[in-house]
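S.K.: Dumping the structure here so I can ask a few things about it.
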There are 2 protein chains.
Amino acid sequence: MPRRIDAEARSAAIAEASLRVLEREGLSGLSVRGVAAEAGIAAASLRRAFATQHALREFCLQLIEDRVTARVAALELTGRALVDGLLLQLLPLDKERRLELVAQVQLGVLSLTDSALRPAAIRLSEGVDRVCHVALQLLAEAGQFNPGRDPDYEAQRLRALLDGIAMHGLWSGELPEAGPMLRVLLRHLDELAGP
Amino acid sequence: MPRRIDAEARSAAIAEASLRVLEREGLSGLSVRGVAAEAGIAAASLRRAFATQHALREFCLQLIEDRVTARVAALELTGRALVDGLLLQLLPLDKERRLELVAQVQLGVLSLTDSALRPAAIRLSEGVDRVCHVALQLLAEAGQFNPGRDPDYEAQRLRALLDGIAMHGLWSGELPEAGPMLRVLLRHLDELAGP
DNA sequence: ATTTTGTGAGTACACTTGTACTAATAAAAA
DNA sequence: TTTTTATTAGTACAAGTGTACTCACAAAAT
């Protein structure tokens, strides 16, 4: 009897519009009317999909996690190439990844003072941690990780390096050329094979 | 004839109140009335000191830079201890430094979508870069930097590492114990002496 | 003591915000 | 075709926003 509706696709479309708004206008632009306009729907419809602003923000973080996860899972590489591919999914190398990163940082910063948003932000952060650990494990399996090194320390260091490089990429211009960002990360990975 | 006025102290007091508000309530709390209440002054007085919200935000970034610069200049250390001291000024190891970092990140993220704020944010970021370069130079003078290493690469890597560690410190709880954060940074510095 | 100035408190305006409604329309399932 | 549902447009409200005033008061320099 009902008018059919794919609630999941609706929510995803709204969240994607939210990410675009977050990149273009920042947190202050993430309003009911603003996102609805970007998504091309009525404000009341957005309100039906997300009963509260908090629900929308939480779903945005979830969507980012899903998108990164999907890209990572789609990689058809092995060995060192896979390691590089994994980590590159977390750097703002193209429009899509920059979009995600800007939105992630905006919502992450919001979660510093909005405790309701912290669990979702922490979940996303833990996902990044897992990627770092997996990357180092793959590196070891490829024989490019000196067994004398401390895996925990290297994982923490890699995570910090990755975050720092990503931040620097966000700050330096709209779409920084990949070169300088990549060079530091890849060179660091190269060094892990040595003593 | 006039009523005496220390405009500089007024502005600084207002900006410090702004930093407190930024840490407690985030960007959305940085309003005329909110900051005035935190500073214990009338909204009209704040308006006289800063004619516009943008001027206030810009001055906040400037104040953060000044505070870090002052702390760095006050260090009475030499050699490796000075290197550590310099870099520790940029990590959220106590309430004061956490306050600065949270405010800096909030305003930095705002500068991603508020082009008027970008120059001030970039200026602050360049200051951090200078600290990293100086730190490596000092390390070299102390004979704890292998001359075979590439100074530019190491400076970029150190900067990224520092930012990443700082971010991680912000995310993990109110005041993370210094241990885990320091360990990664100091161990990284130790390695720079080797090949 | 008078003049000059910043402060404080208050008011005002136009605007945006989140949230909550209504009523009319469109569309798909029965 | 009828029934059921979602979407739309519109309105409403209380609250908060930046900015701009006024006016009485307090304080310092002349």
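Residue numbering restarts at 1 for every chain of the structure tokens, chains are lettered A, B, ... in their displayed order, and ligands are numbered from 1 as they appear.
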Taking only C-alpha atoms into account, what are the residues of chain A at most 7 Å from chain B, put as a PDB file with N, CA and C atoms, in the first residue's frame?
M.R.:
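What landed in result_15.pdb:
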ATOM      1  N   ARG A  24      32.392  22.818   2.128  1.00  0.00           N
ATOM      2  CA  ARG A  24      32.230  24.127   1.507  1.00  0.00           C
ATOM      3  C   ARG A  24      32.024  25.229   2.547  1.00  0.00           C
ATOM      4  N   GLU A  25      31.234  24.939   3.584  1.00  0.00           N
ATOM      5  CA  GLU A  25      30.852  26.001   4.517  1.00  0.00           C
ATOM      6  C   GLU A  25      31.257  25.734   5.961  1.00  0.00           C
ATOM      7  N   GLY A  26      31.701  24.545   6.235  1.00  0.00           N
ATOM      8  CA  GLY A  26      32.097  24.249   7.600  1.00  0.00           C
ATOM      9  C   GLY A  26      30.927  23.905   8.497  1.00  0.00           C
ATOM     10  N   GLN A 106      36.165  18.270  10.840  1.00  0.00           N
ATOM     11  CA  GLN A 106      35.166  19.192  11.374  1.00  0.00           C
ATOM     12  C   GLN A 106      34.341  18.501  12.462  1.00  0.00           C
ATOM     13  N   VAL A 109      36.464  17.652  15.578  1.00  0.00           N
ATOM     14  CA  VAL A 109      36.665  18.805  16.439  1.00  0.00           C
ATOM     15  C   VAL A 109      35.388  19.112  17.222  1.00  0.00           C
ATOM     16  N   LEU A 110      34.268  18.966  16.549  1.00  0.00           N
ATOM     17  CA  LEU A 110      33.002  19.178  17.267  1.00  0.00           C
ATOM     18  C   LEU A 110      32.864  18.186  18.411  1.00  0.00           C
ATOM     19  N   THR A 113      33.880  18.929  22.105  1.00  0.00           N
ATOM     20  CA  THR A 113      33.028  19.663  23.041  1.00  0.00           C
ATOM     21  C   THR A 113      31.588  19.162  23.019  1.00  0.00           C
ATOM     22  N   TYR A 153      55.411   0.391  18.935  1.00  0.00           N
ATOM     23  CA  TYR A 153      55.951   1.738  18.760  1.00  0.00           C
ATOM     24  C   TYR A 153      55.800   2.187  17.314  1.00  0.00           C
ATOM     25  N   ARG A 157      53.771   5.374  15.882  1.00  0.00           N
ATOM     26  CA  ARG A 157      54.482   6.393  15.128  1.00  0.00           C
ATOM     27  C   ARG A 157      53.873   6.556  13.741  1.00  0.00           C
ATOM     28  N   ALA A 160      50.591   8.500  14.013  1.00  0.00           N
ATOM     29  CA  ALA A 160      50.807   9.931  14.212  1.00  0.00           C
ATOM     30  C   ALA A 160      51.299  10.581  12.924  1.00  0.00           C
ATOM     31  N   LEU A 161      52.233   9.904  12.258  1.00  0.00           N
ATOM     32  CA  LEU A 161      52.766  10.447  11.011  1.00  0.00           C
ATOM     33  C   LEU A 161      51.659  10.618   9.976  1.00  0.00           C
ATOM     34  N   ASP A 163      48.390  10.949  10.460  1.00  0.00           N
ATOM     35  CA  ASP A 163      47.500  12.053  10.831  1.00  0.00           C
ATOM     36  C   ASP A 163      48.148  13.397  10.537  1.00  0.00           C
ATOM     37  N   GLY A 164      49.414  13.517  10.906  1.00  0.00           N
ATOM     38  CA  GLY A 164      50.091  14.787  10.698  1.00  0.00           C
ATOM     39  C   GLY A 164      50.194  15.139   9.227  1.00  0.00           C
ATOM     40  N   ILE A 165      50.528  14.153   8.411  1.00  0.00           N
ATOM     41  CA  ILE A 165      50.625  14.406   6.975  1.00  0.00           C
ATOM     42  C   ILE A 165      49.266  14.785   6.408  1.00  0.00           C
ATOM     43  N   VAL A 184      57.231  11.861   2.142  1.00  0.00           N
ATOM     44  CA  VAL A 184      57.546  11.623   3.552  1.00  0.00           C
ATOM     45  C   VAL A 184      57.012  10.272   4.001  1.00  0.00           C
TER      46      VAL A 184
END
S.K.: Using only C-alpha atoms (C1' of nucleotides), what does the table of chain D residues within 8 Å of chain A look like, with each row giving the shortest atom pair and its distance in Å to one decimal, sorted by chain and ascending number, as a Markdown table?
M.R.:
| residue | atom | partner | partner_atom | distance |
| --- | --- | --- | --- | --- |
| D:DT3 | C1' | A:Met1 | CA | 6.7 |
| D:DT4 | C1' | A:Pro2 | CA | 4.9 |
| D:DT5 | C1' | A:Pro2 | CA | 4.5 |
| D:DA6 | C1' | A:Arg3 | CA | 6.4 |
| D:DT7 | C1' | A:Ser45 | CA | 6.6 |
| D:DT8 | C1' | A:Ala42 | CA | 6.3 |
S.K.: Keeping only N, CA and C atoms (P, O5', C5', C4', C3', O3' and C1' of nucleotides), write those residues as a compact mmCIF listing (two decimals), in the first residue's frame.
M.R.:
# COMPACT_ATOMS: atom_id res chain seq x y z
P DT D 3 -11.15 3.49 -0.02
O5' DT D 3 -9.72 3.10 0.56
C5' DT D 3 -9.18 1.80 0.27
C4' DT D 3 -7.72 1.75 0.67
C3' DT D 3 -7.35 2.60 1.89
O3' DT D 3 -6.52 1.84 2.72
C1' DT D 3 -5.94 3.15 0.08
P DT D 4 -6.21 2.31 4.20
O5' DT D 4 -4.65 2.56 4.09
C5' DT D 4 -3.84 1.61 3.38
C4' DT D 4 -2.46 2.19 3.14
C3' DT D 4 -1.93 3.07 4.27
O3' DT D 4 -0.61 2.68 4.58
C1' DT D 4 -1.74 4.21 2.22
P DT D 5 0.00 3.07 5.96
O5' DT D 5 1.21 4.00 5.48
C5' DT D 5 2.16 3.48 4.54
C4' DT D 5 2.77 4.60 3.74
C3' DT D 5 3.47 5.69 4.58
O3' DT D 5 4.86 5.54 4.41
C1' DT D 5 2.27 6.57 2.71
P DA D 6 5.86 6.38 5.27
O5' DA D 6 6.45 7.38 4.16
C5' DA D 6 6.77 6.86 2.88
C4' DA D 6 7.25 7.96 1.97
C3' DA D 6 8.14 9.01 2.63
O3' DA D 6 9.17 9.39 1.74
C1' DA D 6 6.13 10.03 1.84
P DT D 7 10.10 10.59 2.10
O5' DT D 7 9.42 11.77 1.28
C5' DT D 7 9.25 11.60 -0.12
C4' DT D 7 8.72 12.89 -0.72
C3' DT D 7 9.48 14.14 -0.30
O3' DT D 7 9.86 14.88 -1.45
C1' DT D 7 7.17 14.43 0.10
P DT D 8 10.83 16.06 -1.32
O5' DT D 8 9.88 17.32 -1.28
C5' DT D 8 9.06 17.64 -2.41
C4' DT D 8 7.94 18.57 -2.01
C3' DT D 8 8.40 19.92 -1.47
O3' DT D 8 8.31 20.89 -2.51
C1' DT D 8 6.48 19.03 -0.30
S.K.: Give as a PyMOL selection string every residue of chain C that touches chain A within 8 Å, counting only C-alpha atoms (C1' of nucleotides).
M.R.: chain C and resi 17-18+27-30
S.K.: Those same residues - N, CA and C atoms (P, O5', C5', C4', C3', O3' and C1' of nucleotides) - I'd like them written as a PDB file, in the first residue's frame.
M.R.:
ATOM      1  P    DT C  17      20.873  28.767   9.276  1.00  0.00           P
ATOM      2  O5'  DT C  17      20.452  28.183  10.694  1.00  0.00           O
ATOM      3  C5'  DT C  17      21.411  28.176  11.758  1.00  0.00           C
ATOM      4  C4'  DT C  17      20.744  27.764  13.052  1.00  0.00           C
ATOM      5  C3'  DT C  17      19.873  26.527  12.952  1.00  0.00           C
ATOM      6  O3'  DT C  17      20.672  25.366  13.095  1.00  0.00           O
ATOM      7  C1'  DT C  17      18.833  28.226  14.294  1.00  0.00           C
ATOM      8  P    DG C  18      20.055  23.969  12.645  1.00  0.00           P
ATOM      9  O5'  DG C  18      19.111  23.569  13.874  1.00  0.00           O
ATOM     10  C5'  DG C  18      19.674  23.427  15.171  1.00  0.00           C
ATOM     11  C4'  DG C  18      18.591  23.003  16.150  1.00  0.00           C
ATOM     12  C3'  DG C  18      17.879  21.700  15.777  1.00  0.00           C
ATOM     13  O3'  DG C  18      17.602  20.964  16.962  1.00  0.00           O
ATOM     14  C1'  DG C  18      16.316  23.486  15.802  1.00  0.00           C
ATOM     15  P    DA C  27       4.598  11.784  -9.206  1.00  0.00           P
ATOM     16  O5'  DA C  27       4.818  10.331  -8.613  1.00  0.00           O
ATOM     17  C5'  DA C  27       5.553  10.171  -7.405  1.00  0.00           C
ATOM     18  C4'  DA C  27       5.135   8.908  -6.693  1.00  0.00           C
ATOM     19  C3'  DA C  27       4.790   7.734  -7.634  1.00  0.00           C
ATOM     20  O3'  DA C  27       5.461   6.589  -7.195  1.00  0.00           O
ATOM     21  C1'  DA C  27       3.100   8.030  -6.036  1.00  0.00           C
ATOM     22  P    DA C  28       6.075   5.605  -8.356  1.00  0.00           P
ATOM     23  O5'  DA C  28       5.944   4.189  -7.649  1.00  0.00           O
ATOM     24  C5'  DA C  28       6.330   4.066  -6.292  1.00  0.00           C
ATOM     25  C4'  DA C  28       5.261   3.342  -5.505  1.00  0.00           C
ATOM     26  C3'  DA C  28       4.807   2.005  -6.098  1.00  0.00           C
ATOM     27  O3'  DA C  28       4.997   0.995  -5.140  1.00  0.00           O
ATOM     28  C1'  DA C  28       2.965   3.293  -5.399  1.00  0.00           C
ATOM     29  P    DA C  29       5.198  -0.531  -5.654  1.00  0.00           P
ATOM     30  O5'  DA C  29       4.112  -1.334  -4.805  1.00  0.00           O
ATOM     31  C5'  DA C  29       4.180  -1.285  -3.393  1.00  0.00           C
ATOM     32  C4'  DA C  29       2.790  -1.435  -2.796  1.00  0.00           C
ATOM     33  C3'  DA C  29       2.097  -2.755  -3.141  1.00  0.00           C
ATOM     34  O3'  DA C  29       1.644  -3.374  -1.951  1.00  0.00           O
ATOM     35  C1'  DA C  29       0.669  -0.908  -3.608  1.00  0.00           C
ATOM     36  P    DA C  30       1.177  -4.909  -2.077  1.00  0.00           P
ATOM     37  O5'  DA C  30      -0.408  -4.833  -2.071  1.00  0.00           O
ATOM     38  C5'  DA C  30      -1.065  -4.384  -0.890  1.00  0.00           C
ATOM     39  C4'  DA C  30      -2.543  -4.177  -1.152  1.00  0.00           C
ATOM     40  C3'  DA C  30      -3.225  -5.334  -1.867  1.00  0.00           C
ATOM     41  O3'  DA C  30      -3.783  -6.243  -0.898  1.00  0.00           O
ATOM     42  C1'  DA C  30      -3.823  -3.240  -2.860  1.00  0.00           C
TER      43       DA C  30
END
S.K.: Using DSSP assignments from the backbone, pull out every residue in stretch 25-184 of chain B that falls under alpha helix (DSSP H) and give it to me as a PyMOL selection string.
M.R.: chain B and resi 25+32-39+43-49+53-73+79-88+95-113+118-141+151-171+178-184
S.K.: Superposing chain B on chain A by least squares with every Cα paired in order, what RMSD results?
M.R.: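 RMSD over all C-alpha atoms: 0.1 Å.
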S.K.: Which distance in Å separates atom CA of B:Glu191 and atom CA of B:Leu139, to one decimal?
M.R.: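 We find that atom CA of B:Glu191 and atom CA of B:Leu139 lie 11.5 Å from each other.
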S.K.: List as an MDAnalysis selection string the protein and nucleic acid residues near A:Ala9, meaning an atom at most 12 Å away when only C-alpha atoms (C1' of nucleotides) are counted, but skip any in the same chain fewer than 5 places from it.
M.R.: chainID A and resid 14:16 49 63
S.K.: Go ahead and save the picked residues with N, CA and C atoms, as a PDB file, in the first residue's frame.
M.R.:
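File out.pdb, as written:
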ATOM      1  N   ILE A  14      21.507  12.101   1.942  1.00  0.00           N
ATOM      2  CA  ILE A  14      21.505  13.270   2.835  1.00  0.00           C
ATOM      3  C   ILE A  14      22.877  13.439   3.475  1.00  0.00           C
ATOM      4  N   ALA A  15      23.445  12.325   3.931  1.00  0.00           N
ATOM      5  CA  ALA A  15      24.752  12.418   4.575  1.00  0.00           C
ATOM      6  C   ALA A  15      25.814  12.881   3.588  1.00  0.00           C
ATOM      7  N   GLU A  16      25.714  12.425   2.356  1.00  0.00           N
ATOM      8  CA  GLU A  16      26.691  12.876   1.360  1.00  0.00           C
ATOM      9  C   GLU A  16      26.547  14.365   1.095  1.00  0.00           C
ATOM     10  N   ALA A  49      13.983  11.722   8.030  1.00  0.00           N
ATOM     11  CA  ALA A  49      15.076  10.759   7.959  1.00  0.00           C
ATOM     12  C   ALA A  49      15.958  10.829   9.212  1.00  0.00           C
ATOM     13  N   LEU A  63      29.078   7.255   7.808  1.00  0.00           N
ATOM     14  CA  LEU A  63      29.216   7.186   6.348  1.00  0.00           C
ATOM     15  C   LEU A  63      30.679   7.304   5.934  1.00  0.00           C
TER      16      LEU A  63
END
S.K.: Would you work out the distance separating atom C1' of D:DG16 from atom CA of A:Ala116, expressed in Å to one decimal?
M.R.: 21.2 Å
S.K.: Out of B:Val131, B:Leu138, B:Cys60, B:Leu19, which residue has the shortest atom-to-atom distance to B:Leu82 when counting only C-alpha atoms?
M.R.: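 The answer is B:Leu138, which sits nearest to B:Leu82.
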S.K.: How many Å lie between atom CA of A:Leu117 and atom CA of A:Leu56, rounded to one decimal?
M.R.: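 Atom CA of A:Leu56 lies at a distance of 10.5 Å from atom CA of A:Leu117.
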S.K.: If you count only C-alpha atoms (C1' of nucleotides), which residues fall within 7 Å of A:Val72, apart from same-chain ones fewer than 4 positions away, as a list in words?
M.R.: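 Near A:Val72, the qualifying residues are Val68, Leu86 and Gln89 of chain A.
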S.K.: Keeping only N, CA and C atoms, take the residues you just selected and write them out as a compact mmCIF listing (two decimals), in the first residue's frame.
M.R.:
# COMPACT_ATOMS: atom_id res chain seq x y z
N VAL A 68 35.46 4.77 3.56
CA VAL A 68 36.88 4.38 3.62
C VAL A 68 37.00 2.86 3.64
N LEU A 86 46.68 1.05 1.12
CA LEU A 86 45.89 1.20 2.34
C LEU A 86 46.06 2.60 2.92
N GLN A 89 44.60 5.72 1.28
CA GLN A 89 43.15 5.95 1.40
C GLN A 89 42.84 6.98 2.49
S.K.: Fewer than 2 positions away in the same chain doesn't count, so skip those; otherwise give me all residues within 8 Å of A:Leu136, counting only C-alpha atoms (C1' of nucleotides), as a list in words.
M.R.: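 After dropping sequence-adjacent residues, the list is Val83, Cys132, His133, Val134, Leu138, Leu139, Ala140, Phe145, Pro151 and Ala155 of chain A.
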S.K.: Export C-alpha atoms of the chosen residues as an mmCIF file, in the first residue's frame?
M.R.:
data_model
loop_
_atom_site.group_PDB
_atom_site.id
_atom_site.type_symbol
_atom_site.label_atom_id
_atom_site.label_comp_id
_atom_site.auth_asym_id
_atom_site.auth_seq_id
_atom_site.Cartn_x
_atom_site.Cartn_y
_atom_site.Cartn_z
ATOM 1 C CA VAL A 83 50.505 -1.274 2.192
ATOM 2 C CA CYS A 132 47.946 1.163 10.563
ATOM 3 C CA HIS A 133 48.380 -2.117 12.364
ATOM 4 C CA VAL A 134 47.344 -4.133 9.346
ATOM 5 C CA LEU A 138 51.555 -6.718 5.746
ATOM 6 C CA LEU A 139 54.899 -4.996 5.576
ATOM 7 C CA ALA A 140 56.332 -7.639 7.854
ATOM 8 C CA PHE A 145 59.838 -4.746 8.225
ATOM 9 C CA PRO A 151 55.707 -3.200 16.334
ATOM 10 C CA ALA A 155 52.264 1.471 14.811
#
S.K.: Which residue out of D:DA14, D:DA24, D:DA9, D:DA29 has the minimum interatomic distance to C:DA9 when only C-alpha atoms (C1' of nucleotides) are used?
M.R.: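 Answer, going by the shortest atom-to-atom distance: D:DA24.
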